[in-house]
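work_10.cif (mmCIF, C-alpha atoms)
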```cif
data_work
#
loop_
_atom_site.label_atom_id
_atom_site.label_comp_id
_atom_site.auth_asym_id
_atom_site.auth_seq_id
_atom_site.Cartn_x
_atom_site.Cartn_y
_atom_site.Cartn_z
CA MET A 28 8.69 11.72 14.55
CA ASN A 29 9.26 11.75 10.81
CA TYR A 30 10.57 8.26 10.33
CA ILE A 31 10.26 4.82 11.88
CA GLU A 32 13.14 3.69 14.07
CA ILE A 33 15.18 0.73 12.84
CA GLU A 34 14.36 -1.06 16.11
CA GLU A 35 10.63 -0.84 15.31
CA LEU A 36 11.16 -2.35 11.87
CA LEU A 37 13.31 -5.05 13.43
CA LYS A 38 10.66 -5.97 16.02
CA VAL A 39 8.01 -6.59 13.34
CA GLY A 40 10.36 -8.64 11.14
CA ALA A 41 10.42 -6.15 8.27
CA HIS A 42 13.93 -7.30 7.33
CA PHE A 43 13.00 -10.89 6.42
CA GLY A 44 12.85 -11.40 2.66
CA HIS A 45 12.04 -14.54 0.69
CA PRO A 46 14.28 -17.61 0.30
CA THR A 47 17.28 -16.84 -1.89
CA SER A 48 15.97 -19.26 -4.55
CA LYS A 49 12.89 -17.06 -5.05
CA TRP A 50 14.50 -13.64 -5.21
CA ASN A 51 14.34 -11.14 -8.04
CA PRO A 52 17.88 -10.00 -9.02
CA LYS A 53 16.61 -6.45 -9.58
CA PHE A 54 15.91 -6.26 -5.84
CA SER A 55 19.63 -6.57 -5.03
CA PRO A 56 20.17 -2.86 -4.10
CA TYR A 57 17.87 -3.39 -1.11
CA ILE A 58 19.46 -6.58 0.23
CA ALA A 59 21.92 -6.43 3.13
CA THR A 60 22.93 -10.09 3.28
CA LYS A 61 21.49 -13.60 3.46
CA LYS A 62 21.04 -15.88 6.45
CA SER A 63 19.98 -19.54 6.49
CA GLY A 64 18.92 -19.35 2.85
CA VAL A 65 16.81 -16.22 3.34
CA HIS A 66 17.61 -12.75 2.04
CA ILE A 67 17.83 -9.99 4.65
CA ILE A 68 16.48 -6.60 3.61
CA ASP A 69 18.54 -3.49 4.40
CA LEU A 70 16.34 -1.61 6.87
CA ASN A 71 18.24 1.61 6.31
CA GLN A 72 17.10 1.46 2.69
CA THR A 73 13.58 0.69 3.89
CA ASN A 74 13.58 3.86 5.97
CA ILE A 75 14.98 6.04 3.20
CA CYS A 76 12.50 4.71 0.63
CA LEU A 77 9.60 5.04 3.07
CA ASN A 78 10.37 8.68 3.74
CA ASN A 79 10.81 9.47 0.05
CA ALA A 80 7.46 7.82 -0.67
CA VAL A 81 5.68 9.65 2.15
CA LYS A 82 7.18 12.97 1.12
CA GLU A 83 5.77 12.55 -2.41
CA LEU A 84 2.42 11.24 -1.19
CA THR A 85 1.93 14.23 1.10
CA LYS A 86 2.65 16.56 -1.81
CA ILE A 87 -0.07 14.82 -3.82
CA VAL A 88 -2.55 15.00 -0.94
CA LYS A 89 -1.81 18.66 -0.27
CA SER A 90 -2.62 19.32 -3.94
CA ASN A 91 -6.09 17.82 -3.34
CA GLY A 92 -5.17 14.48 -4.87
CA ASN A 93 -6.72 11.23 -3.63
CA VAL A 94 -4.85 8.03 -2.86
CA LEU A 95 -6.22 4.58 -3.68
CA PHE A 96 -5.04 1.93 -1.18
CA VAL A 97 -4.93 -1.61 -2.59
CA GLY A 98 -4.45 -4.71 -0.46
CA THR A 99 -6.34 -7.79 -1.59
CA LYS A 100 -4.09 -10.42 -0.01
CA LYS A 101 -5.43 -12.03 3.16
CA GLN A 102 -2.89 -10.49 5.56
CA ALA A 103 -3.42 -6.98 4.24
CA LYS A 104 -7.20 -6.65 3.84
CA ASP A 105 -8.27 -5.45 7.27
CA VAL A 106 -5.17 -3.33 7.85
CA VAL A 107 -5.47 -1.56 4.49
CA GLN A 108 -9.18 -0.89 4.92
CA GLU A 109 -8.75 0.52 8.43
CA ALA A 110 -5.81 2.71 7.40
CA ALA A 111 -7.64 4.05 4.34
CA ASP A 112 -10.77 4.76 6.38
CA LYS A 113 -8.67 6.54 8.99
CA CYS A 114 -7.19 8.97 6.47
CA GLU A 115 -10.44 9.14 4.46
CA MET A 116 -8.99 7.73 1.27
CA PHE A 117 -10.31 5.10 -1.12
CA TYR A 118 -9.45 1.41 -0.98
CA ILE A 119 -9.86 -1.95 -2.67
CA VAL A 120 -9.46 -5.02 -0.47
CA GLU A 121 -11.58 -7.54 -2.34
CA ARG A 122 -10.78 -8.91 -5.79
CA TRP A 123 -9.28 -6.35 -8.16
CA LEU A 124 -11.61 -6.04 -11.14
CA GLY A 125 -9.68 -5.81 -14.40
CA GLY A 126 -10.22 -2.34 -15.85
CA THR A 127 -10.90 -0.66 -12.50
CA LEU A 128 -8.63 2.17 -13.61
CA THR A 129 -8.21 1.74 -17.37
CA ASN A 130 -11.95 1.20 -17.88
CA PHE A 131 -13.16 3.44 -15.09
CA GLY A 132 -16.30 4.46 -16.99
CA THR A 133 -17.64 0.92 -16.76
CA ILE A 134 -16.82 0.78 -13.05
CA LYS A 135 -18.73 4.03 -12.48
CA ARG A 136 -21.77 2.56 -14.21
CA SER A 137 -21.55 -0.46 -11.93
CA ILE A 138 -21.36 1.87 -8.92
CA ARG A 139 -24.43 3.78 -10.14
CA ARG A 140 -26.22 0.44 -10.35
CA LEU A 141 -25.24 -0.19 -6.72
CA PHE A 142 -26.70 3.16 -5.64
CA LEU A 143 -29.96 2.24 -7.37
CA LEU A 144 -30.06 -1.12 -5.61
CA ASP A 145 -29.39 0.58 -2.26
CA LYS A 146 -32.55 2.66 -2.60
CA GLU A 147 -35.46 0.62 -1.32
CA SER A 148 -37.84 3.06 -3.02
CA SER A 149 -36.18 2.44 -6.40
CA ASP A 150 -38.39 1.53 -9.34
CA LEU A 151 -36.28 -1.63 -9.66
CA TYR A 152 -38.20 -3.22 -6.79
CA ILE A 153 -41.73 -2.50 -8.07
CA ASN A 154 -43.91 -5.52 -8.86
CA LEU A 155 -41.15 -8.07 -8.37
CA THR A 156 -41.59 -11.67 -7.28
CA LYS A 157 -39.75 -12.93 -4.19
CA LYS A 158 -37.28 -14.74 -6.41
CA GLU A 159 -36.52 -11.58 -8.42
CA GLN A 160 -36.10 -9.57 -5.22
CA SER A 161 -33.73 -12.20 -3.90
CA MET A 162 -31.66 -11.99 -7.10
CA LEU A 163 -31.40 -8.21 -6.79
CA ASN A 164 -30.37 -8.51 -3.15
CA ARG A 165 -27.60 -10.94 -4.09
CA GLU A 166 -26.44 -8.55 -6.80
CA LYS A 167 -26.46 -5.68 -4.29
CA LEU A 168 -24.36 -7.65 -1.79
CA LYS A 169 -21.85 -8.63 -4.47
CA LEU A 170 -21.48 -5.06 -5.75
CA SER A 171 -21.28 -3.73 -2.19
CA ASP A 172 -18.33 -6.01 -1.43
CA LEU A 173 -16.53 -5.14 -4.66
CA HIS A 174 -17.10 -1.38 -4.58
CA ARG A 175 -17.47 -0.46 -0.92
CA GLY A 176 -14.12 1.29 -0.81
CA ILE A 177 -14.50 3.21 -4.08
CA LYS A 178 -18.23 3.88 -4.42
CA ASP A 179 -17.64 7.60 -3.70
CA MET A 180 -14.60 7.82 -6.02
CA LYS A 181 -15.82 10.06 -8.84
CA HIS A 182 -12.45 10.48 -10.56
CA LEU A 183 -9.32 8.44 -11.08
CA PRO A 184 -6.98 8.55 -8.06
CA ALA A 185 -3.89 10.75 -8.08
CA ALA A 186 -1.77 7.95 -6.58
CA LEU A 187 -1.93 4.22 -5.88
CA PHE A 188 -0.52 2.61 -2.73
CA PHE A 189 -0.37 -1.19 -2.58
CA VAL A 190 0.83 -4.09 -0.48
CA ASP A 191 2.72 -6.83 -2.40
CA GLY A 192 3.83 -5.94 -5.90
CA ILE A 193 3.26 -9.44 -7.28
CA HIS A 194 -0.21 -9.88 -5.81
CA GLU A 195 -1.31 -6.46 -7.11
CA LYS A 196 0.49 -6.58 -10.47
CA ILE A 197 -2.70 -5.88 -12.48
CA ALA A 198 -3.49 -2.78 -10.42
CA ILE A 199 0.09 -1.57 -10.82
CA SER A 200 0.01 -2.22 -14.56
CA GLU A 201 -3.21 -0.21 -14.99
CA ALA A 202 -1.85 2.68 -12.95
CA LYS A 203 1.36 2.75 -15.00
CA ILE A 204 -0.62 2.81 -18.26
CA LEU A 205 -2.50 5.89 -17.04
CA GLY A 206 0.57 7.62 -15.63
CA ILE A 207 -0.65 7.35 -12.03
CA PRO A 208 2.33 7.28 -9.62
CA VAL A 209 2.67 3.95 -7.82
CA PHE A 210 3.80 3.49 -4.22
CA GLY A 211 3.97 0.25 -2.27
CA ILE A 212 5.59 -2.39 -0.11
CA VAL A 213 7.77 -4.77 -2.14
CA ASP A 214 9.55 -7.93 -1.00
CA SER A 215 12.71 -9.59 -2.31
CA ASN A 216 10.79 -11.62 -4.91
CA THR A 217 9.54 -8.46 -6.63
CA ASP A 218 10.96 -6.26 -9.37
CA PRO A 219 11.09 -2.81 -7.73
CA THR A 220 12.07 -1.04 -10.95
CA ASN A 221 8.41 -1.12 -12.06
CA ILE A 222 7.39 0.88 -9.00
CA ASP A 223 7.81 4.65 -8.82
CA PHE A 224 8.32 4.63 -5.04
CA PRO A 225 9.08 1.11 -3.76
CA ILE A 226 9.33 0.45 -0.02
CA PRO A 227 11.47 -2.69 0.49
CA ALA A 228 10.11 -4.76 3.39
CA ASN A 229 8.54 -8.07 4.34
CA ASP A 230 5.12 -7.98 2.65
CA ASP A 231 3.92 -11.24 4.23
CA SER A 232 4.16 -10.12 7.85
CA LEU A 233 0.93 -8.69 9.29
CA LYS A 234 2.88 -6.66 11.84
CA THR A 235 5.13 -5.16 9.16
CA ILE A 236 2.19 -4.30 6.91
CA LYS A 237 0.34 -2.71 9.82
CA LEU A 238 3.33 -0.61 10.88
CA LEU A 239 4.11 0.72 7.40
CA VAL A 240 0.55 1.23 6.16
CA ASN A 241 -0.47 3.05 9.34
CA PHE A 242 2.64 5.22 9.12
CA VAL A 243 1.62 6.25 5.60
CA SER A 244 -1.97 6.84 6.73
CA ASP A 245 -0.86 9.02 9.64
CA ARG A 246 1.34 11.16 7.41
CA ILE A 247 -1.59 11.66 5.01
CA ILE A 248 -3.75 12.76 7.94
CA GLU A 249 -1.09 15.29 8.92
CA ALA A 250 -0.89 16.56 5.34
CA LEU A 251 -4.64 17.10 5.39
CA GLY A 252 -4.30 19.19 8.54
CA GLY A 253 -5.31 16.52 11.01
CA GLY A 254 -2.04 16.60 12.92
CA ASN A 255 1.26 18.42 13.35
CA ALA A 256 2.56 17.92 9.83
CA SER A 257 6.26 18.51 9.33
CA SER A 258 7.61 20.71 6.60
CA ASP A 259 9.25 19.27 3.49
CA GLU A 260 12.55 20.69 4.76
CA ASP A 261 12.26 18.67 7.97
CA ALA A 262 11.44 15.54 6.01
CA ALA A 263 14.49 16.08 3.81
CA GLU A 264 16.66 16.47 6.92
CA ASP A 265 15.33 13.18 8.27
CA VAL A 266 16.25 11.38 5.05
CA ASP A 267 19.75 12.87 5.23
CA GLU A 268 20.05 11.69 8.83
CA ILE A 269 19.06 8.15 7.86
CA LYS A 270 21.58 8.18 5.01
CA LYS A 271 24.32 9.24 7.46
CA LYS A 272 23.41 6.36 9.74
CA SER A 273 23.48 4.00 6.78
CA SER A 274 26.89 5.20 5.59
CA GLY A 275 28.36 4.82 9.06
CA ASN A 276 28.96 1.09 8.48
CA ASP A 277 30.31 0.09 5.08
CA ASP A 278 30.34 -3.60 5.96
CA THR A 279 26.75 -4.27 4.93
CA PRO A 280 26.82 -8.08 5.26
CA GLU A 281 28.02 -7.78 8.88
CA ASP A 282 25.32 -5.19 9.54
CA GLY A 283 22.77 -7.68 8.24
CA LYS A 284 24.11 -10.37 10.56
CA GLU A 285 23.82 -7.98 13.48
CA VAL A 286 20.18 -7.40 12.59
CA ILE A 287 19.54 -11.14 12.62
CA GLN A 288 21.31 -11.59 15.96
CA LYS A 289 19.15 -8.87 17.52
CA GLN A 290 16.00 -10.45 16.09
CA GLU A 291 16.92 -13.88 17.47
CA LYS A 292 17.47 -12.42 20.93
#
```
Here is a file; write its structure as structure tokens.
Amino acid sequence: MNYIEIEELLKVGAHFGHPTSKWNPKFSPYIATKKSGVHIIDLNQTNICLNNAVKELTKIVKSNGNVLFVGTKKQAKDVVQEAADKCEMFYIVERWLGGTLTNFGTIKRSIRRLFLLDKESSDLYINLTKKEQSMLNREKLKLSDLHRGIKDMKHLPAALFFVDGIHEKIAISEAKILGIPVFGIVDSNTDPTNIDFPIPANDDSLKTIKLLVNFVSDRIIEALGGGNASSDEDAAEDVDEIKKKSSGNDDTPEDGKEVIQKQEK
């Protein structure tokens, strides 16, 4: 299967946006309608954008590029880390350190410091008092938490995938400065025009995050030869099929109401 069924997205509540008072007008192309003061995201657009993003990500991976997964919000941490580990990519799920990408040299020095602290035979531990050893251990724990997902990242990533464009705005900004393509899940309160490959969906729902992030992870695994990866031609056909389904009903507001009715049932 090359794309997620609309019914799956519906079950996890991917179509629920933010209250209409908190929306970003630039998100309007991805909104189907509004219900009870909440914007409803067009799931057909979600599917199309997801497949376009995955198609580009798999190209990057097949060219030996690495993807950095970023999800520091509470709902996303565990899911992002598990998905990144599964496809053997890098991740950041603790606090994003300013300059992680734009000042990567400093980050690498911090990682080298962590490797030194990890070695019990390191000269750092010779002739230290208990208090000094305790201070080094605290430093090691802190650096381990901050760098555990990128300590083996020797070069800048070829792509960045995030959850929540507002929460990860610093990471996105740094990637844009360096020309690193940005992919991610964006909700109705976010400006998607700053993202190279936005995926419109509910970025507060754990089930939605899990479904989308794992889908991306699985496609990366396939691109690396760990599954039955589909050809780019097949992926393009899937996008065309989704577009046909989308164009089958021009009355978008009614389509959005139908989505809500199904969800309520």
Measuring atom to atom with only C-alpha atoms, identify which of A:His174, A:His45, A:His182, A:Lys89 is nearest to A:Val213. A:His45
Could you write out as a PDB file with C-alpha atoms, keeping the file's coordinate frame the residues that the PyMOL selection byres ((chain A and resi 244-249) around 10) matches in the shown file?
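The result, stored in selection25.pdb:
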```pdb
ATOM      1  CA  ASN A  29       9.260  11.750  10.810  1.00  0.00           C
ATOM      2  CA  VAL A  81       5.680   9.650   2.150  1.00  0.00           C
ATOM      3  CA  LYS A  82       7.180  12.970   1.120  1.00  0.00           C
ATOM      4  CA  LEU A  84       2.420  11.240  -1.190  1.00  0.00           C
ATOM      5  CA  THR A  85       1.930  14.230   1.100  1.00  0.00           C
ATOM      6  CA  LYS A  86       2.650  16.560  -1.810  1.00  0.00           C
ATOM      7  CA  ILE A  87      -0.070  14.820  -3.820  1.00  0.00           C
ATOM      8  CA  VAL A  88      -2.550  15.000  -0.940  1.00  0.00           C
ATOM      9  CA  LYS A  89      -1.810  18.660  -0.270  1.00  0.00           C
ATOM     10  CA  VAL A  94      -4.850   8.030  -2.860  1.00  0.00           C
ATOM     11  CA  PHE A  96      -5.040   1.930  -1.180  1.00  0.00           C
ATOM     12  CA  VAL A 107      -5.470  -1.560   4.490  1.00  0.00           C
ATOM     13  CA  GLU A 109      -8.750   0.520   8.430  1.00  0.00           C
ATOM     14  CA  ALA A 110      -5.810   2.710   7.400  1.00  0.00           C
ATOM     15  CA  ALA A 111      -7.640   4.050   4.340  1.00  0.00           C
ATOM     16  CA  ASP A 112     -10.770   4.760   6.380  1.00  0.00           C
ATOM     17  CA  LYS A 113      -8.670   6.540   8.990  1.00  0.00           C
ATOM     18  CA  CYS A 114      -7.190   8.970   6.470  1.00  0.00           C
ATOM     19  CA  GLU A 115     -10.440   9.140   4.460  1.00  0.00           C
ATOM     20  CA  MET A 116      -8.990   7.730   1.270  1.00  0.00           C
ATOM     21  CA  LEU A 239       4.110   0.720   7.400  1.00  0.00           C
ATOM     22  CA  VAL A 240       0.550   1.230   6.160  1.00  0.00           C
ATOM     23  CA  ASN A 241      -0.470   3.050   9.340  1.00  0.00           C
ATOM     24  CA  PHE A 242       2.640   5.220   9.120  1.00  0.00           C
ATOM     25  CA  VAL A 243       1.620   6.250   5.600  1.00  0.00           C
ATOM     26  CA  ALA A 250      -0.890  16.560   5.340  1.00  0.00           C
ATOM     27  CA  LEU A 251      -4.640  17.100   5.390  1.00  0.00           C
ATOM     28  CA  GLY A 252      -4.300  19.190   8.540  1.00  0.00           C
ATOM     29  CA  GLY A 253      -5.310  16.520  11.010  1.00  0.00           C
ATOM     30  CA  GLY A 254      -2.040  16.600  12.920  1.00  0.00           C
ATOM     31  CA  ASN A 255       1.260  18.420  13.350  1.00  0.00           C
ATOM     32  CA  ALA A 256       2.560  17.920   9.830  1.00  0.00           C
ATOM     33  CA  SER A 257       6.260  18.510   9.330  1.00  0.00           C
TER      34      SER A 257
END
```
Nearest residue to A:Ser171 from the set A:Asp231, A:Glu195, A:Glu121, A:Glu201 (distances using only C-alpha atoms): A:Glu121
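Taken over the whole file, the PyMOL selection byres ((chain A and resi 192) around 8) covers exactly A:Phe189, A:Val190, A:Asp191, A:Ile193, A:His194, A:Glu195, A:Lys196, A:Ile199, A:Gly211, A:Ile212, A:Val213, A:Asp214, A:Thr217, A:Asp218.
Coordinates place atom CA of A:Asp105 at a distance of 21.6 Å from atom CA of A:Lys167.
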Pick from A:Ser232, A:Thr129, A:Ser48, A:Gln72 nearest to A:Leu205, counting only C-alpha atoms: A:Thr129
